[in-house]
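K.L.:
Pasting my_file-v9.cif here (mmCIF, C-alpha atoms):
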data_my_file
loop_
_atom_site.group_PDB
_atom_site.id
_atom_site.type_symbol
_atom_site.label_atom_id
_atom_site.label_comp_id
_atom_site.auth_asym_id
_atom_site.auth_seq_id
_atom_site.Cartn_x
_atom_site.Cartn_y
_atom_site.Cartn_z
ATOM 1 C CA MET A 14 -0.849 -8.933 11.527
ATOM 2 C CA VAL A 15 2.886 -8.856 10.880
ATOM 3 C CA LEU A 16 3.183 -12.406 12.249
ATOM 4 C CA VAL A 17 0.665 -13.556 9.621
ATOM 5 C CA GLN A 18 2.915 -12.055 6.956
ATOM 6 C CA ARG A 19 5.992 -13.858 8.239
ATOM 7 C CA VAL A 20 4.332 -17.253 8.639
ATOM 8 C CA THR A 21 2.558 -17.205 5.269
ATOM 9 C CA SER A 22 5.565 -15.877 3.360
ATOM 10 C CA LEU A 23 7.784 -18.559 4.900
ATOM 11 C CA ALA A 24 5.211 -21.228 4.012
ATOM 12 C CA PHE A 25 5.181 -20.117 0.382
ATOM 13 C CA SER A 26 8.984 -19.837 0.352
ATOM 14 C CA MET A 27 9.263 -23.451 1.540
ATOM 15 C CA TYR A 28 6.659 -24.509 -1.032
ATOM 16 C CA ASP A 29 8.662 -22.788 -3.780
ATOM 17 C CA GLY A 30 11.824 -24.465 -2.496
ATOM 18 C CA TYR A 31 10.075 -27.838 -2.633
ATOM 19 C CA ARG A 32 8.998 -27.186 -6.235
ATOM 20 C CA ILE A 33 12.540 -26.209 -7.209
ATOM 21 C CA MET A 34 13.971 -29.381 -5.664
ATOM 22 C CA THR A 35 11.357 -31.770 -7.056
ATOM 23 C CA LYS A 36 10.693 -30.068 -10.404
ATOM 24 C CA PRO A 37 13.850 -28.146 -11.401
ATOM 25 C CA SER A 38 12.544 -27.775 -14.974
ATOM 26 C CA ASP A 39 9.310 -26.090 -13.877
ATOM 27 C CA HIS A 40 9.102 -22.874 -15.885
ATOM 28 C CA ASN A 41 5.991 -21.579 -14.122
ATOM 29 C CA LEU A 42 7.971 -20.282 -11.170
ATOM 30 C CA HIS A 43 8.110 -16.517 -10.893
ATOM 31 C CA SER A 44 11.595 -15.013 -10.584
ATOM 32 C CA ASP A 45 10.666 -13.636 -7.165
ATOM 33 C CA HIS A 46 9.560 -17.116 -6.076
ATOM 34 C CA ILE A 47 12.968 -18.509 -6.974
ATOM 35 C CA HIS A 48 14.781 -15.662 -5.208
ATOM 36 C CA ARG A 49 12.737 -16.072 -2.001
ATOM 37 C CA SER A 50 12.654 -19.869 -1.983
ATOM 38 C CA VAL A 51 13.746 -21.860 1.072
ATOM 39 C CA THR A 52 15.037 -25.360 0.333
ATOM 40 C CA LYS A 53 16.029 -26.300 3.885
ATOM 41 C CA GLN A 54 13.504 -26.515 6.684
ATOM 42 C CA PRO A 55 14.282 -23.947 9.411
ATOM 43 C CA SER A 56 15.142 -25.206 12.855
ATOM 44 C CA PRO A 57 12.787 -24.259 15.736
ATOM 45 C CA LEU A 58 15.315 -21.622 16.849
ATOM 46 C CA GLN A 59 15.500 -20.087 13.365
ATOM 47 C CA TYR A 60 11.719 -20.154 12.968
ATOM 48 C CA PHE A 61 10.911 -18.469 16.278
ATOM 49 C CA ALA A 62 13.802 -16.016 15.924
ATOM 50 C CA TYR A 63 12.358 -14.954 12.563
ATOM 51 C CA CYS A 64 8.782 -14.718 13.847
ATOM 52 C CA PHE A 65 9.528 -12.942 17.122
ATOM 53 C CA SER A 66 12.676 -10.933 16.502
ATOM 54 C CA PHE A 67 12.657 -7.918 18.839
ATOM 55 C CA LEU A 68 13.542 -5.652 15.905
ATOM 56 C CA TYR A 69 10.067 -5.854 14.400
ATOM 57 C CA VAL A 70 7.872 -7.959 16.662
ATOM 58 C CA THR A 71 5.225 -5.241 17.141
ATOM 59 C CA THR A 72 4.944 -2.780 14.257
ATOM 60 C CA GLY A 73 7.137 -4.504 11.696
ATOM 61 C CA PRO A 74 8.474 -3.891 9.169
ATOM 62 C CA PHE A 75 7.903 -7.189 7.418
ATOM 63 C CA CYS A 76 10.911 -8.943 5.951
ATOM 64 C CA TYR A 77 11.334 -12.252 4.150
ATOM 65 C CA TYR A 78 12.927 -15.209 5.862
ATOM 66 C CA THR A 79 15.806 -15.254 3.380
ATOM 67 C CA ASP A 80 16.588 -11.593 4.113
ATOM 68 C CA PHE A 81 16.439 -12.235 7.867
ATOM 69 C CA VAL A 82 18.847 -15.178 7.606
ATOM 70 C CA ASP A 83 21.231 -13.139 5.448
ATOM 71 C CA PHE A 84 21.224 -10.401 8.094
ATOM 72 C CA ILE A 85 21.781 -12.786 11.029
ATOM 73 C CA GLU A 86 24.474 -14.867 9.342
ATOM 74 C CA SER A 87 26.388 -12.039 7.661
ATOM 75 C CA CYS A 88 29.982 -11.920 8.838
ATOM 76 C CA PRO A 89 31.405 -8.870 10.694
ATOM 77 C CA SER A 90 33.766 -8.032 7.809
ATOM 78 C CA LYS A 91 30.819 -7.753 5.423
ATOM 79 C CA ARG A 92 28.980 -5.469 7.849
ATOM 80 C CA HIS A 93 32.103 -3.333 8.190
ATOM 81 C CA LYS A 94 32.226 -2.837 4.416
ATOM 82 C CA ILE A 95 28.557 -1.841 4.351
ATOM 83 C CA GLY A 96 29.090 0.799 7.014
ATOM 84 C CA PHE A 97 26.493 2.574 9.137
ATOM 85 C CA ALA A 98 23.253 4.116 7.882
ATOM 86 C CA GLY A 99 23.846 7.408 9.692
ATOM 87 C CA LEU A 100 22.547 9.760 7.001
ATOM 88 C CA GLU A 101 19.482 7.609 6.285
ATOM 89 C CA ILE A 102 18.678 7.417 9.998
ATOM 90 C CA ALA A 103 19.032 11.209 10.351
ATOM 91 C CA LYS A 104 16.594 11.789 7.475
ATOM 92 C CA LYS A 105 14.085 9.384 8.966
ATOM 93 C CA CYS A 106 14.447 10.973 12.404
ATOM 94 C CA ALA A 107 13.584 14.361 10.902
ATOM 95 C CA LEU A 108 10.484 12.942 9.226
ATOM 96 C CA LEU A 109 9.662 11.080 12.430
ATOM 97 C CA ALA A 110 9.703 14.312 14.430
ATOM 98 C CA LEU A 111 7.568 16.099 11.845
ATOM 99 C CA SER A 112 4.989 13.309 11.664
ATOM 100 C CA GLY A 113 4.873 13.102 15.465
ATOM 101 C CA LEU A 114 4.284 16.845 15.649
ATOM 102 C CA VAL A 115 1.422 16.610 13.141
ATOM 103 C CA PHE A 116 -0.043 13.651 15.010
ATOM 104 C CA VAL A 117 0.002 15.453 18.363
ATOM 105 C CA THR A 118 -0.992 18.980 17.286
ATOM 106 C CA ILE A 119 -3.018 18.792 14.070
ATOM 107 C CA MET A 120 -4.822 15.460 14.134
ATOM 108 C CA PRO A 121 -6.911 16.331 17.246
ATOM 109 C CA ARG A 122 -8.161 19.458 15.435
ATOM 110 C CA PHE A 123 -9.816 17.322 12.747
ATOM 111 C CA PRO A 124 -11.874 14.622 14.507
ATOM 112 C CA VAL A 125 -13.360 12.125 12.068
ATOM 113 C CA ASN A 126 -16.551 11.796 14.115
ATOM 114 C CA LEU A 127 -17.469 15.361 13.174
ATOM 115 C CA LEU A 128 -18.446 13.964 9.768
ATOM 116 C CA LEU A 129 -21.147 11.946 11.543
ATOM 117 C CA GLN A 130 -22.786 14.922 13.240
ATOM 118 C CA PRO A 131 -26.105 15.941 11.585
ATOM 119 C CA GLU A 132 -25.464 19.541 12.626
ATOM 120 C CA PHE A 133 -22.153 19.548 10.742
ATOM 121 C CA VAL A 134 -23.749 17.994 7.660
ATOM 122 C CA ASP A 135 -26.610 20.514 7.665
ATOM 123 C CA ALA A 136 -24.324 23.502 8.248
ATOM 124 C CA HIS A 137 -21.833 22.824 5.443
ATOM 125 C CA GLY A 138 -22.126 22.045 1.758
ATOM 126 C CA LEU A 139 -20.822 18.964 -0.005
ATOM 127 C CA PRO A 140 -17.494 20.471 -1.227
ATOM 128 C CA TYR A 141 -16.649 21.628 2.307
ATOM 129 C CA ARG A 142 -17.415 18.219 3.807
ATOM 130 C CA VAL A 143 -15.401 16.359 1.180
ATOM 131 C CA MET A 144 -12.411 18.648 1.728
ATOM 132 C CA TYR A 145 -12.774 18.207 5.484
ATOM 133 C CA ALA A 146 -12.639 14.430 4.940
ATOM 134 C CA VAL A 147 -9.434 14.928 2.931
ATOM 135 C CA LEU A 148 -7.904 16.927 5.802
ATOM 136 C CA VAL A 149 -8.961 14.252 8.312
ATOM 137 C CA ALA A 150 -7.257 11.540 6.267
ATOM 138 C CA HIS A 151 -4.123 13.665 5.811
ATOM 139 C CA ALA A 152 -3.836 14.280 9.546
ATOM 140 C CA CYS A 153 -4.525 10.647 10.394
ATOM 141 C CA ARG A 154 -1.719 9.427 8.148
ATOM 142 C CA ALA A 155 0.818 11.032 10.485
ATOM 143 C CA ARG A 156 0.400 8.242 13.041
ATOM 144 C CA TYR A 157 1.187 5.619 10.399
ATOM 145 C CA TYR A 158 4.214 7.586 9.248
ATOM 146 C CA PHE A 159 5.408 7.816 12.849
ATOM 147 C CA ALA A 160 5.048 4.078 13.566
ATOM 148 C CA TRP A 161 6.625 2.926 10.300
ATOM 149 C CA LEU A 162 9.510 5.404 10.384
ATOM 150 C CA LEU A 163 10.296 4.451 13.978
ATOM 151 C CA SER A 164 10.368 0.753 13.078
ATOM 152 C CA GLU A 165 12.619 1.476 10.098
ATOM 153 C CA ILE A 166 15.007 3.474 12.289
ATOM 154 C CA ILE A 167 15.219 0.635 14.825
ATOM 155 C CA CYS A 168 16.147 -1.840 12.093
ATOM 156 C CA ASN A 169 18.690 0.518 10.495
ATOM 157 C CA VAL A 170 20.361 1.220 13.855
ATOM 158 C CA ALA A 171 20.698 -2.540 14.351
ATOM 159 C CA GLY A 172 22.367 -2.827 10.930
ATOM 160 C CA MET A 173 19.371 -4.293 9.103
ATOM 161 C CA GLY A 174 18.005 -2.882 5.879
ATOM 162 C CA TYR A 175 20.978 -2.588 3.529
ATOM 163 C CA ASN A 176 20.070 -3.295 -0.087
ATOM 164 C CA PRO A 177 23.093 -4.652 -1.999
ATOM 165 C CA GLN A 178 21.337 -4.194 -5.352
ATOM 166 C CA ASN A 179 21.404 -0.392 -5.172
ATOM 167 C CA GLY A 180 23.767 0.243 -2.247
ATOM 168 C CA CYS A 181 21.064 2.044 -0.224
ATOM 169 C CA TRP A 182 19.501 1.433 3.169
ATOM 170 C CA ASP A 183 16.002 0.922 1.825
ATOM 171 C CA ALA A 184 15.430 -2.833 2.192
ATOM 172 C CA VAL A 185 13.130 -2.331 5.200
ATOM 173 C CA ASN A 186 11.525 0.917 4.048
ATOM 174 C CA ASN A 187 7.779 0.702 4.531
ATOM 175 C CA ILE A 188 6.772 4.191 3.441
ATOM 176 C CA ASP A 189 7.967 6.771 0.963
ATOM 177 C CA VAL A 190 6.231 9.882 2.286
ATOM 178 C CA PHE A 191 7.027 12.195 -0.614
ATOM 179 C CA LYS A 192 6.134 9.733 -3.364
ATOM 180 C CA PHE A 193 2.883 8.855 -1.644
ATOM 181 C CA GLU A 194 1.824 12.423 -1.025
ATOM 182 C CA PHE A 195 2.699 13.719 -4.480
ATOM 183 C CA SER A 196 2.117 10.784 -6.814
ATOM 184 C CA PRO A 197 -0.480 11.731 -9.480
ATOM 185 C CA THR A 198 -1.630 8.120 -9.912
ATOM 186 C CA ILE A 199 -3.449 5.751 -7.594
ATOM 187 C CA LYS A 200 -1.029 2.926 -8.337
ATOM 188 C CA GLY A 201 1.952 5.178 -7.621
ATOM 189 C CA ALA A 202 0.465 6.101 -4.249
ATOM 190 C CA ILE A 203 -0.354 2.474 -3.396
ATOM 191 C CA ASP A 204 3.179 1.366 -4.312
ATOM 192 C CA SER A 205 4.600 3.965 -1.895
ATOM 193 C CA TRP A 206 2.319 3.104 1.051
ATOM 194 C CA ASN A 207 3.047 0.156 3.359
ATOM 195 C CA MET A 208 5.493 -1.029 0.720
ATOM 196 C CA LEU A 209 6.596 -4.242 2.391
ATOM 197 C CA THR A 210 2.996 -5.316 2.862
ATOM 198 C CA SER A 211 2.480 -4.624 -0.855
ATOM 199 C CA SER A 212 5.536 -6.786 -1.543
ATOM 200 C CA TRP A 213 4.078 -9.559 0.624
ATOM 201 C CA LEU A 214 0.696 -9.368 -1.139
ATOM 202 C CA LYS A 215 2.414 -9.492 -4.509
ATOM 203 C CA TYR A 216 4.447 -12.514 -3.404
ATOM 204 C CA VAL A 217 1.669 -14.601 -1.848
ATOM 205 C CA VAL A 218 -1.342 -13.475 -3.936
ATOM 206 C CA HIS A 219 -0.786 -11.356 -7.051
ATOM 207 C CA SER A 220 1.995 -13.474 -8.552
ATOM 208 C CA ARG A 221 0.147 -16.751 -7.892
ATOM 209 C CA VAL A 222 -3.489 -16.294 -8.905
ATOM 210 C CA LYS A 223 -4.316 -16.855 -12.559
ATOM 211 C CA SER A 224 -7.002 -14.211 -13.100
ATOM 212 C CA HIS A 225 -8.500 -11.111 -11.449
ATOM 213 C CA LYS A 226 -5.157 -10.500 -9.795
ATOM 214 C CA VAL A 227 -5.906 -6.956 -8.584
ATOM 215 C CA LEU A 228 -9.307 -7.880 -7.133
ATOM 216 C CA ALA A 229 -7.876 -10.932 -5.367
ATOM 217 C CA THR A 230 -5.026 -8.868 -3.926
ATOM 218 C CA PHE A 231 -7.353 -6.187 -2.568
ATOM 219 C CA LEU A 232 -9.695 -8.818 -1.116
ATOM 220 C CA ILE A 233 -6.891 -10.637 0.719
ATOM 221 C CA SER A 234 -5.638 -7.277 1.970
ATOM 222 C CA ALA A 235 -9.085 -6.565 3.425
ATOM 223 C CA LEU A 236 -9.204 -9.986 5.101
ATOM 224 C CA TRP A 237 -5.721 -9.435 6.507
ATOM 225 C CA HIS A 238 -6.791 -6.140 8.066
ATOM 226 C CA GLY A 239 -9.846 -7.658 9.756
ATOM 227 C CA PHE A 240 -13.604 -7.963 9.449
ATOM 228 C CA PHE A 241 -14.823 -4.391 9.909
ATOM 229 C CA PRO A 242 -17.075 -3.331 7.006
ATOM 230 C CA GLY A 243 -15.058 -0.134 6.543
ATOM 231 C CA TYR A 244 -12.076 -2.172 5.411
ATOM 232 C CA TYR A 245 -14.118 -3.885 2.690
ATOM 233 C CA ILE A 246 -15.653 -0.632 1.473
ATOM 234 C CA PHE A 247 -12.130 0.710 1.109
ATOM 235 C CA PHE A 248 -10.426 -2.294 -0.455
ATOM 236 C CA LEU A 249 -13.241 -3.465 -2.724
ATOM 237 C CA THR A 250 -13.606 0.015 -4.205
ATOM 238 C CA GLY A 251 -9.861 0.136 -4.822
ATOM 239 C CA PRO A 252 -9.710 -2.191 -7.874
ATOM 240 C CA PHE A 253 -12.228 -0.054 -9.755
ATOM 241 C CA GLY A 254 -10.204 3.063 -8.985
ATOM 242 C CA VAL A 255 -6.989 1.372 -10.127
ATOM 243 C CA PHE A 256 -8.673 0.282 -13.384
ATOM 244 C CA VAL A 257 -9.967 3.796 -14.093
ATOM 245 C CA ASP A 258 -6.619 5.304 -13.134
ATOM 246 C CA ARG A 259 -4.628 2.968 -15.381
ATOM 247 C CA TYR A 260 -6.724 3.126 -18.537
ATOM 248 C CA GLY A 261 -7.686 6.755 -18.042
ATOM 249 C CA HIS A 262 -4.035 7.742 -18.106
ATOM 250 C CA GLN A 263 -3.398 5.503 -21.109
ATOM 251 C CA MET A 264 -6.135 7.272 -23.060
ATOM 252 C CA LEU A 265 -5.453 10.851 -21.978
ATOM 253 C CA ARG A 266 -1.710 11.109 -21.378
ATOM 254 C CA PRO A 267 -0.727 11.030 -25.101
ATOM 255 C CA TYR A 268 -2.748 14.227 -25.720
ATOM 256 C CA VAL A 269 -0.698 16.288 -23.240
ATOM 257 C CA HIS A 270 2.632 14.482 -23.259
ATOM 258 C CA ASN A 271 4.366 16.853 -25.684
ATOM 259 C CA ASN A 272 3.059 20.073 -24.133
ATOM 260 C CA VAL A 273 4.876 21.127 -20.956
ATOM 261 C CA VAL A 274 2.150 23.457 -19.661
ATOM 262 C CA LEU A 275 -0.690 21.016 -20.351
ATOM 263 C CA ASN A 276 1.342 18.192 -18.838
ATOM 264 C CA VAL A 277 1.838 20.145 -15.587
ATOM 265 C CA ILE A 278 -1.870 21.036 -15.415
ATOM 266 C CA TYR A 279 -2.777 17.429 -16.188
ATOM 267 C CA THR A 280 -0.482 16.107 -13.440
ATOM 268 C CA ILE A 281 -1.789 18.537 -10.811
ATOM 269 C CA PHE A 282 -5.413 17.840 -11.755
ATOM 270 C CA PHE A 283 -5.042 14.062 -11.512
ATOM 271 C CA TRP A 284 -3.034 14.374 -8.306
ATOM 272 C CA PHE A 285 -6.010 16.279 -6.870
ATOM 273 C CA LEU A 286 -8.464 13.598 -8.040
ATOM 274 C CA ARG A 287 -6.240 10.810 -6.707
ATOM 275 C CA THR A 288 -6.008 12.546 -3.340
ATOM 276 C CA ILE A 289 -9.778 12.938 -3.055
ATOM 277 C CA PHE A 290 -10.361 9.309 -4.061
ATOM 278 C CA LEU A 291 -7.960 7.766 -1.531
ATOM 279 C CA ASP A 292 -8.720 10.169 1.318
ATOM 280 C CA TYR A 293 -12.484 9.850 0.848
ATOM 281 C CA LEU A 294 -12.211 6.065 1.100
ATOM 282 C CA ALA A 295 -9.754 6.364 3.992
ATOM 283 C CA VAL A 296 -12.559 7.887 6.084
ATOM 284 C CA CYS A 297 -14.435 4.565 5.779
ATOM 285 C CA PHE A 298 -11.216 2.813 6.787
ATOM 286 C CA MET A 299 -11.187 4.971 9.925
ATOM 287 C CA LEU A 300 -14.899 4.755 10.760
ATOM 288 C CA LEU A 301 -14.907 0.939 10.493
ATOM 289 C CA SER A 302 -18.556 0.181 11.367
ATOM 290 C CA TRP A 303 -21.231 -0.254 8.704
ATOM 291 C CA SER A 304 -23.656 2.304 10.158
ATOM 292 C CA LYS A 305 -21.002 5.026 10.420
ATOM 293 C CA CYS A 306 -19.637 4.365 6.928
ATOM 294 C CA ILE A 307 -23.092 4.401 5.355
ATOM 295 C CA PHE A 308 -24.006 7.629 7.155
ATOM 296 C CA PHE A 309 -20.865 9.290 5.817
ATOM 297 C CA LEU A 310 -21.366 7.959 2.287
ATOM 298 C CA LYS A 311 -25.026 8.996 2.258
ATOM 299 C CA SER A 312 -24.149 12.452 3.535
ATOM 300 C CA THR A 313 -21.806 12.849 0.551
ATOM 301 C CA TYR A 314 -24.301 11.228 -1.855
ATOM 302 C CA PHE A 315 -21.848 8.418 -2.650
ATOM 303 C CA ILE A 316 -20.167 10.948 -4.916
ATOM 304 C CA VAL A 317 -16.817 9.188 -5.255
ATOM 305 C CA HIS A 318 -18.332 5.726 -5.714
ATOM 306 C CA LEU A 319 -20.760 6.943 -8.363
ATOM 307 C CA THR A 320 -18.043 8.891 -10.188
ATOM 308 C CA VAL A 321 -15.711 5.890 -10.191
ATOM 309 C CA LEU A 322 -18.534 3.604 -11.373
ATOM 310 C CA ILE A 323 -19.379 5.905 -14.290
ATOM 311 C CA LEU A 324 -15.716 6.291 -15.267
ATOM 312 C CA PHE A 325 -15.209 2.529 -14.934
ATOM 313 C CA ILE A 326 -18.030 1.875 -17.408
ATOM 314 C CA VAL A 327 -16.671 4.531 -19.790
ATOM 315 C CA CYS A 328 -13.137 3.094 -19.671
ATOM 316 C CA TRP A 329 -14.393 -0.477 -20.008
ATOM 317 C CA VAL A 330 -16.496 0.388 -23.067
ATOM 318 C CA ALA A 331 -13.637 2.397 -24.614
ATOM 319 C CA LEU A 332 -11.263 -0.519 -24.036
ATOM 320 C CA LYS A 333 -13.689 -2.967 -25.669
ATOM 321 C CA LEU A 334 -14.179 -0.696 -28.661
ATOM 322 C CA LYS A 335 -10.417 -0.314 -29.021
ATOM 323 C CA LYS A 336 -9.935 -4.084 -28.998
ATOM 324 C CA ASN A 337 -12.730 -4.578 -31.534
ATOM 325 C CA ARG A 338 -11.128 -2.032 -33.870
ATOM 326 C CA LYS A 339 -7.794 -3.850 -33.642
ATOM 327 C CA ILE A 340 -9.488 -7.171 -34.449
ATOM 328 C CA SER A 341 -11.374 -5.729 -37.410
#
As a first step, turn the structure in this file into structure tokens.

P.N.:
Amino acid sequence: MVLVQRVTSLAFSMYDGYRIMTKPSDHNLHSDHIHRSVTKQPSPLQYFAYCFSFLYVTTGPFCYYTDFVDFIESCPSKRHKIGFAGLEIAKKCALLALSGLVFVTIMPRFPVNLLLQPEFVDAHGLPYRVMYAVLVAHACRARYYFAWLLSEIICNVAGMGYNPQNGCWDAVNNIDVFKFEFSPTIKGAIDSWNMLTSSWLKYVVHSRVKSHKVLATFLISALWHGFFPGYYIFFLTGPFGVFVDRYGHQMLRPYVHNNVVLNVIYTIFFWFLRTIFLDYLAVCFMLLSWSKCIFFLKSTYFIVHLTVLILFIVCWVALKLKKNRKIS
């Protein structure tokens, strides 16, 4: 999966470099396309070194070819000025230990297959089963945190990951645990999860398609993950949730913005809704097969999908009415 990211990003970087060389006055190029462009064809050694570097050959993190070349070709004096990411590595090691502990001790206590047991469904009400699904997704995330944090630590120890724009060691950060867990918006959570994959999707899909950018990005993300139906249930529901999240906040936030108490209640309430939405769909991501996903969704009466559909229609109608009022 990570190899697909490297090969496709390099292909687009070379394409952007070709456009810059042949059409220097082309104003349709995105700023990120110019920054990531490659004007010189890599040698076989450079290409295979980028694709199969031992730093991230298995779990990533993904990095652009231009960033990889900058890291390899940077002179020792420049690295000496940058220093060592000791504090950043220590923080990540602490989170790594915590996520590993959760993965080993808590995740086995919440098996996802329990949601597929008729006895469990009959014995517990809908709120209990939905909250159990949330706990399953929370526990399962620990293994992703562990893998991504470990890969980040490996890169930082090797001296890779320094960001000259802000002076921090966050150029290879793939996860921001605290922002993801506590973001009150769906977009905020998505932007903090698998961040370099999000950057890749933005570079190769979102910034290049002309319309339905969010839908196209989610669809390509599903294809990149594989062909299990659970992936498509997750990723094709996502755009509707993002739409509702975006326009719902636009309509409601002004009413509570100036009141501290209402703003806190509002933030906590929407954080709770965002958590249920993503964790509920994450169960389908974990179950994978069509029969298992449909059993789970039926057992919960498609509650999240129906709620999102209703809110999507409400937001869409409200948006249309707002545009019509502006025109009139």

K.L.:
Could you list, as a list in words, every residue matched by the PyMOL selection byres ((chain A and resi 205-221) around 6) in this structure?

P.N.:
Phe75, Asn187, Ile188, Asp189, Phe193, Ala202, Ile203, Asp204, Val222, Lys226 and Thr230 of chain A

K.L.:
Run the PyMOL selection byres ((chain A and resi 286-299) around 6) on the file and write out the hits as a short mmCIF file (atom, residue, chain, number, x, y, z; two decimals) with C-alpha atoms, in the frame of the given file.

P.N.:
data_model
loop_
_atom_site.label_atom_id
_atom_site.label_comp_id
_atom_site.auth_asym_id
_atom_site.auth_seq_id
_atom_site.Cartn_x
_atom_site.Cartn_y
_atom_site.Cartn_z
CA VAL A 147 -9.43 14.93 2.93
CA ALA A 150 -7.26 11.54 6.27
CA ILE A 199 -3.45 5.75 -7.59
CA GLY A 243 -15.06 -0.13 6.54
CA TYR A 244 -12.08 -2.17 5.41
CA PHE A 247 -12.13 0.71 1.11
CA PHE A 283 -5.04 14.06 -11.51
CA TRP A 284 -3.03 14.37 -8.31
CA PHE A 285 -6.01 16.28 -6.87
CA LEU A 300 -14.90 4.76 10.76
CA LEU A 301 -14.91 0.94 10.49
CA CYS A 306 -19.64 4.36 6.93
#

K.L.:
Taking the file as shown, find all residues satisfying the PyMOL selection byres ((chain A and resi 15) around 8) and write them as a VMD selection string.

P.N.:
chain A and resid 14 16 to 19 70 to 75

K.L.:
With all atoms listed in the file as the counted atoms, please give the residues lying no more than 10 Å from Val143 in chain A, apart from itself and same-chain residues fewer than 2 positions off, as JSON, numbers by chain.

P.N.:
{"A": [128, 138, 139, 140, 141, 145, 146, 147, 148, 149, 289, 292, 293, 312, 313, 316, 317]}

K.L.:
How would the residues just chosen look if you wrote them out with C-alpha atoms as a JSON list (two decimals), in the coordinates of the input?

P.N.:
[["chain", "number", "residue", "atom", "x", "y", "z"],
["A", 128, "LEU", "CA", -18.45, 13.96, 9.77],
["A", 138, "GLY", "CA", -22.13, 22.04, 1.76],
["A", 139, "LEU", "CA", -20.82, 18.96, 0.00],
["A", 140, "PRO", "CA", -17.49, 20.47, -1.23],
["A", 141, "TYR", "CA", -16.65, 21.63, 2.31],
["A", 145, "TYR", "CA", -12.77, 18.21, 5.48],
["A", 146, "ALA", "CA", -12.64, 14.43, 4.94],
["A", 147, "VAL", "CA", -9.43, 14.93, 2.93],
["A", 148, "LEU", "CA", -7.90, 16.93, 5.80],
["A", 149, "VAL", "CA", -8.96, 14.25, 8.31],
["A", 289, "ILE", "CA", -9.78, 12.94, -3.06],
["A", 292, "ASP", "CA", -8.72, 10.17, 1.32],
["A", 293, "TYR", "CA", -12.48, 9.85, 0.85],
["A", 312, "SER", "CA", -24.15, 12.45, 3.54],
["A", 313, "THR", "CA", -21.81, 12.85, 0.55],
["A", 316, "ILE", "CA", -20.17, 10.95, -4.92],
["A", 317, "VAL", "CA", -16.82, 9.19, -5.26]]

K.L.:
Go ahead and compute the interatomic distance for CA of His225 in chain A and CA of Phe253 in chain A, in Å to one decimal.

P.N.:
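Distance reported for this atom pair: 11.8 Å.
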